[in-house]
Amino acid sequence: MKKLVILVVALFALVACPETPMYHNLYVIKNKTEHNVKVVYYYYKTSSDTITVAANSFYEKNDNIFDFNYPDSAKIYFDDAKVLNFYVDSAQRNNILRYGNFEMVGQSDKANNTVYYYSITDKDYNEAVAVK
């Protein structure tokens with residue numbers, strides 16, 4: 001009888017506990033330029049993931065902005081005519097490989113997402129160099 005009471009109490013405790021919500025990150029790359037943008041991530045000099053963002057549009061992805069862990073470099077192409085190069089250990093302005101350059105804009109209670117924005121602007125376009 002004592003075992004039955006313990007079993008009933010344990011089952012009640014399991015059923016009565018609220019479900020812990022799952023939290024995810026939502027990463028949004030906003031292209032604020034008039035140019036089509038292609039972001040290419042590299043791992044050991046091999047292209048591993050490509051993201052395309054139309055002019056004045058955005059790209060969003062859940063959980064991790066990179067499809068693989070820790071790329072070592074990235075390139076942002078503007079209309080395949082100009083390019084910005086980023087390296088993981090570089091402190092350059094607006095480095096897409098540094099999470100600190102993604103602005104946390106809040107948390108969505110509905111989806112339990114923390115939302116991060118990375119903006120590509122005309123300043124980035126102006127800093128890009130011609131593709132060789």
# chains A, B, ... in the order shown; residues from 1 in each chain; ligands from 1

call {"tool": "residues_around", "arguments": {"residues": "Lys38 in chain A", "least_positions_apart": "5", "cutoff": "7 Å", "atoms": "only C-alpha atoms", "output": "list in words"}}
result
Thr50, Ile51, Thr52, Val53, Ile76, Tyr77 and Phe78 of chain A

call {"tool": "residues_around", "arguments": {"residues": "Phe58 in chain A", "least_positions_apart": "5", "cutoff": "7 Å", "atoms": "only C-alpha atoms", "output": "PyMOL selection string"}}
result
chain A and resi 28-31+53

call {"tool": "write_last_selection", "arguments": {"atoms": "N, CA and C atoms", "output": "CSV table (one decimal), in the first residue's frame"}}
result
chain,number,residue,atom,x,y,z
A,28,VAL,N,18.2,37.3,-38.0
A,28,VAL,CA,17.7,38.0,-39.2
A,28,VAL,C,18.8,38.8,-39.8
A,29,ILE,N,19.1,38.5,-41.0
A,29,ILE,CA,20.1,39.3,-41.8
A,29,ILE,C,19.2,40.3,-42.6
A,30,LYS,N,19.3,41.6,-42.4
A,30,LYS,CA,18.6,42.6,-43.1
A,30,LYS,C,19.5,43.3,-44.1
A,31,ASN,N,19.1,43.2,-45.4
A,31,ASN,CA,19.8,43.9,-46.4
A,31,ASN,C,19.1,45.2,-46.7
A,53,VAL,N,20.3,37.2,-50.1
A,53,VAL,CA,19.3,38.2,-49.6
A,53,VAL,C,19.0,39.2,-50.7

call {"tool": "closest_residue", "arguments": {"among": "A:Ser48, A:Phe102, A:Pro71, A:Ile120", "to": "Tyr87 in chain A", "atoms": "only C-alpha atoms"}}
result
A:Pro71

call {"tool": "atom_distance", "arguments": {"atom1": "CA of Tyr41 in chain A", "atom2": "CA of Asn25 in chain A"}}
result
19.3 Å

call {"tool": "residues_around", "arguments": {"residues": "Tyr125 in chain A", "least_positions_apart": "3", "cutoff": "12 Å", "atoms": "only C-alpha atoms", "output": "ChimeraX atom specification"}}
result
/A:31-37,55,76-85,94,119-122,128-130

call {"tool": "write_last_selection", "arguments": {"atoms": "N, CA and C atoms", "output": "compact mmCIF listing (two decimals), in the first residue's frame"}}
result
# COMPACT_ATOMS: atom_id res chain seq x y z
N ASN A 31 19.08 43.17 -45.37
CA ASN A 31 19.80 43.85 -46.45
C ASN A 31 19.10 45.19 -46.69
N LYS A 32 19.72 46.26 -46.23
CA LYS A 32 19.14 47.59 -46.35
C LYS A 32 19.69 48.35 -47.55
N THR A 33 20.21 47.62 -48.53
CA THR A 33 20.79 48.26 -49.71
C THR A 33 19.92 48.00 -50.93
N GLU A 34 20.26 48.66 -52.01
CA GLU A 34 19.58 48.47 -53.30
C GLU A 34 20.25 47.36 -54.12
N HIS A 35 21.12 46.59 -53.48
CA HIS A 35 21.90 45.56 -54.17
C HIS A 35 21.54 44.17 -53.65
N ASN A 36 21.53 43.19 -54.54
CA ASN A 36 21.37 41.81 -54.11
C ASN A 36 22.64 41.38 -53.40
N VAL A 37 22.48 40.66 -52.30
CA VAL A 37 23.60 40.28 -51.46
C VAL A 37 23.69 38.77 -51.37
N ALA A 55 17.70 42.66 -52.55
CA ALA A 55 17.77 44.08 -52.17
C ALA A 55 16.57 44.44 -51.30
N ILE A 76 30.83 38.84 -48.14
CA ILE A 76 29.54 39.39 -48.51
C ILE A 76 29.71 40.01 -49.89
N TYR A 77 29.00 39.45 -50.86
CA TYR A 77 29.05 39.95 -52.24
C TYR A 77 27.84 40.85 -52.50
N PHE A 78 28.08 41.94 -53.19
CA PHE A 78 27.04 42.85 -53.61
C PHE A 78 26.91 42.74 -55.13
N ASP A 79 25.81 42.19 -55.60
CA ASP A 79 25.55 42.00 -57.03
C ASP A 79 26.70 41.27 -57.73
N ASP A 80 27.44 40.47 -57.01
CA ASP A 80 28.62 39.74 -57.53
C ASP A 80 29.65 40.68 -58.15
N ALA A 81 29.59 41.97 -57.81
CA ALA A 81 30.54 42.95 -58.37
C ALA A 81 31.50 43.48 -57.30
N LYS A 82 31.02 43.57 -56.05
CA LYS A 82 31.85 44.06 -54.95
C LYS A 82 31.79 43.04 -53.82
N VAL A 83 32.83 43.03 -52.98
CA VAL A 83 32.90 42.04 -51.91
C VAL A 83 33.52 42.64 -50.65
N LEU A 84 33.02 42.19 -49.51
CA LEU A 84 33.61 42.46 -48.20
C LEU A 84 34.13 41.14 -47.67
N ASN A 85 35.35 41.12 -47.14
CA ASN A 85 35.95 39.91 -46.58
C ASN A 85 36.00 40.03 -45.06
N ASN A 94 31.45 45.73 -38.23
CA ASN A 94 30.32 44.95 -38.73
C ASN A 94 30.69 43.55 -39.22
N SER A 119 22.53 43.93 -39.81
CA SER A 119 22.14 44.79 -40.93
C SER A 119 23.30 45.01 -41.89
N ILE A 120 23.01 44.85 -43.17
CA ILE A 120 23.95 45.17 -44.24
C ILE A 120 23.47 46.49 -44.83
N THR A 121 24.33 47.50 -44.79
CA THR A 121 23.91 48.85 -45.15
C THR A 121 24.74 49.39 -46.33
N ASP A 122 24.38 50.59 -46.77
CA ASP A 122 25.14 51.25 -47.82
C ASP A 122 26.58 51.52 -47.40
N ALA A 128 33.11 47.93 -49.55
CA ALA A 128 33.44 46.73 -50.33
C ALA A 128 34.37 47.09 -51.48
N VAL A 129 35.15 46.10 -51.91
CA VAL A 129 36.08 46.29 -53.03
C VAL A 129 35.58 45.51 -54.24
N ALA A 130 36.08 45.88 -55.40
CA ALA A 130 35.68 45.20 -56.64
C ALA A 130 36.13 43.74 -56.59

call {"tool": "atom_distance", "arguments": {"atom1": "CA of Val115 in chain A", "atom2": "CA of Tyr27 in chain A"}}
result
6.0 Å

call {"tool": "residues_around", "arguments": {"residues": "Asp89 in chain A", "least_positions_apart": "4", "cutoff": "10 Å", "atoms": "only C-alpha atoms", "output": "PDB file with N, CA and C atoms, in the first residue's frame"}}
result
ATOM      1  N   ASP A  72      35.568  30.113 -40.366  1.00  0.00           N
ATOM      2  CA  ASP A  72      36.757  30.912 -40.109  1.00  0.00           C
ATOM      3  C   ASP A  72      36.808  32.178 -40.956  1.00  0.00           C
ATOM      4  N   SER A  73      35.941  32.260 -41.975  1.00  0.00           N
ATOM      5  CA  SER A  73      35.887  33.474 -42.777  1.00  0.00           C
ATOM      6  C   SER A  73      34.543  33.552 -43.489  1.00  0.00           C
ATOM      7  N   ASN A  95      31.678  42.931 -38.572  1.00  0.00           N
ATOM      8  CA  ASN A  95      32.105  41.576 -38.939  1.00  0.00           C
ATOM      9  C   ASN A  95      30.956  40.599 -38.697  1.00  0.00           C
ATOM     10  N   LEU A  97      30.906  37.523 -38.636  1.00  0.00           N
ATOM     11  CA  LEU A  97      31.303  36.328 -37.885  1.00  0.00           C
ATOM     12  C   LEU A  97      31.306  36.553 -36.379  1.00  0.00           C
ATOM     13  N   ARG A  98      31.079  37.774 -35.955  1.00  0.00           N
ATOM     14  CA  ARG A  98      31.089  38.080 -34.520  1.00  0.00           C
ATOM     15  C   ARG A  98      29.661  38.289 -34.041  1.00  0.00           C
TER      16      ARG A  98
END

call {"tool": "decode", "arguments": {"residues": "range 53-87 of chain A", "atoms": "N, CA and C atoms", "output": "tab-separated table (two decimals), in the first residue's frame"}}
result
chain	number	residue	atom	x	y	z
A	53	VAL	N	20.27	37.24	-50.10
A	53	VAL	CA	19.28	38.19	-49.59
A	53	VAL	C	19.05	39.24	-50.67
A	54	ALA	N	17.83	39.32	-51.16
A	54	ALA	CA	17.49	40.29	-52.20
A	54	ALA	C	17.60	41.71	-51.65
A	55	ALA	N	17.70	42.66	-52.55
A	55	ALA	CA	17.77	44.08	-52.17
A	55	ALA	C	16.57	44.44	-51.30
A	56	ASN	N	16.84	45.20	-50.25
A	56	ASN	CA	15.80	45.67	-49.32
A	56	ASN	C	14.91	44.54	-48.81
A	57	SER	N	15.55	43.43	-48.48
A	57	SER	CA	14.83	42.26	-47.99
A	57	SER	C	15.55	41.71	-46.77
A	58	PHE	N	15.16	40.52	-46.34
A	58	PHE	CA	15.81	39.92	-45.18
A	58	PHE	C	15.82	38.40	-45.30
A	59	TYR	N	16.67	37.79	-44.51
A	59	TYR	CA	16.79	36.33	-44.41
A	59	TYR	C	16.72	36.01	-42.93
A	60	GLU	N	15.99	34.98	-42.56
A	60	GLU	CA	15.94	34.61	-41.15
A	60	GLU	C	16.15	33.12	-40.98
A	61	LYS	N	16.73	32.78	-39.83
A	61	LYS	CA	17.05	31.39	-39.55
A	61	LYS	C	16.98	31.15	-38.05
A	62	ASN	N	16.44	30.01	-37.67
A	62	ASN	CA	16.36	29.64	-36.25
A	62	ASN	C	17.63	28.98	-35.77
A	63	ASP	N	17.90	29.17	-34.49
A	63	ASP	CA	18.92	28.50	-33.70
A	63	ASP	C	20.35	28.93	-33.97
A	64	ASN	N	20.87	28.79	-35.16
A	64	ASN	CA	22.25	29.17	-35.41
A	64	ASN	C	22.33	29.76	-36.80
A	65	ILE	N	22.92	30.92	-36.90
A	65	ILE	CA	23.01	31.57	-38.20
A	65	ILE	C	23.91	30.80	-39.14
A	66	PHE	N	24.84	30.04	-38.60
A	66	PHE	CA	25.74	29.23	-39.41
A	66	PHE	C	25.21	27.80	-39.49
A	67	ASP	N	25.27	27.17	-40.67
A	67	ASP	CA	24.86	25.78	-40.81
A	67	ASP	C	25.89	24.82	-40.25
A	68	PHE	N	27.04	25.32	-39.94
A	68	PHE	CA	28.08	24.51	-39.35
A	68	PHE	C	28.72	25.33	-38.25
A	69	ASN	N	29.50	24.69	-37.42
A	69	ASN	CA	30.08	25.41	-36.29
A	69	ASN	C	31.28	26.25	-36.70
A	70	TYR	N	31.26	27.49	-36.29
A	70	TYR	CA	32.39	28.39	-36.32
A	70	TYR	C	33.13	28.47	-37.66
A	71	PRO	N	32.56	29.12	-38.63
A	71	PRO	CA	33.31	29.36	-39.87
A	71	PRO	C	34.52	30.24	-39.56
A	72	ASP	N	35.57	30.11	-40.37
A	72	ASP	CA	36.76	30.91	-40.11
A	72	ASP	C	36.81	32.18	-40.96
A	73	SER	N	35.94	32.26	-41.97
A	73	SER	CA	35.89	33.47	-42.78
A	73	SER	C	34.54	33.55	-43.49
A	74	ALA	N	34.27	34.73	-44.01
A	74	ALA	CA	33.02	34.94	-44.75
A	74	ALA	C	33.23	36.07	-45.74
A	75	LYS	N	32.44	36.03	-46.80
A	75	LYS	CA	32.45	37.09	-47.80
A	75	LYS	C	31.01	37.53	-48.03
A	76	ILE	N	30.83	38.84	-48.14
A	76	ILE	CA	29.54	39.39	-48.51
A	76	ILE	C	29.71	40.01	-49.89
A	77	TYR	N	29.00	39.45	-50.86
A	77	TYR	CA	29.05	39.95	-52.24
A	77	TYR	C	27.84	40.85	-52.50
A	78	PHE	N	28.08	41.94	-53.19
A	78	PHE	CA	27.04	42.85	-53.61
A	78	PHE	C	26.91	42.74	-55.13
A	79	ASP	N	25.81	42.19	-55.60
A	79	ASP	CA	25.55	42.00	-57.03
A	79	ASP	C	26.70	41.27	-57.73
A	80	ASP	N	27.44	40.47	-57.01
A	80	ASP	CA	28.62	39.74	-57.53
A	80	ASP	C	29.65	40.68	-58.15
A	81	ALA	N	29.59	41.97	-57.81
A	81	ALA	CA	30.54	42.95	-58.37
A	81	ALA	C	31.50	43.48	-57.30
A	82	LYS	N	31.02	43.57	-56.05
A	82	LYS	CA	31.85	44.06	-54.95
A	82	LYS	C	31.79	43.04	-53.82
A	83	VAL	N	32.83	43.03	-52.98
A	83	VAL	CA	32.90	42.04	-51.91
A	83	VAL	C	33.52	42.64	-50.65
A	84	LEU	N	33.02	42.19	-49.51
A	84	LEU	CA	33.61	42.46	-48.20
A	84	LEU	C	34.13	41.14	-47.67
A	85	ASN	N	35.35	41.12	-47.14
A	85	ASN	CA	35.95	39.91	-46.58
A	85	ASN	C	36.00	40.03	-45.06
A	86	PHE	N	35.60	38.97	-44.37
A	86	PHE	CA	35.64	38.94	-42.91
A	86	PHE	C	36.38	37.69	-42.45
A	87	TYR	N	37.10	37.85	-41.34
A	87	TYR	CA	37.84	36.74	-40.74
A	87	TYR	C	37.46	36.64	-39.28
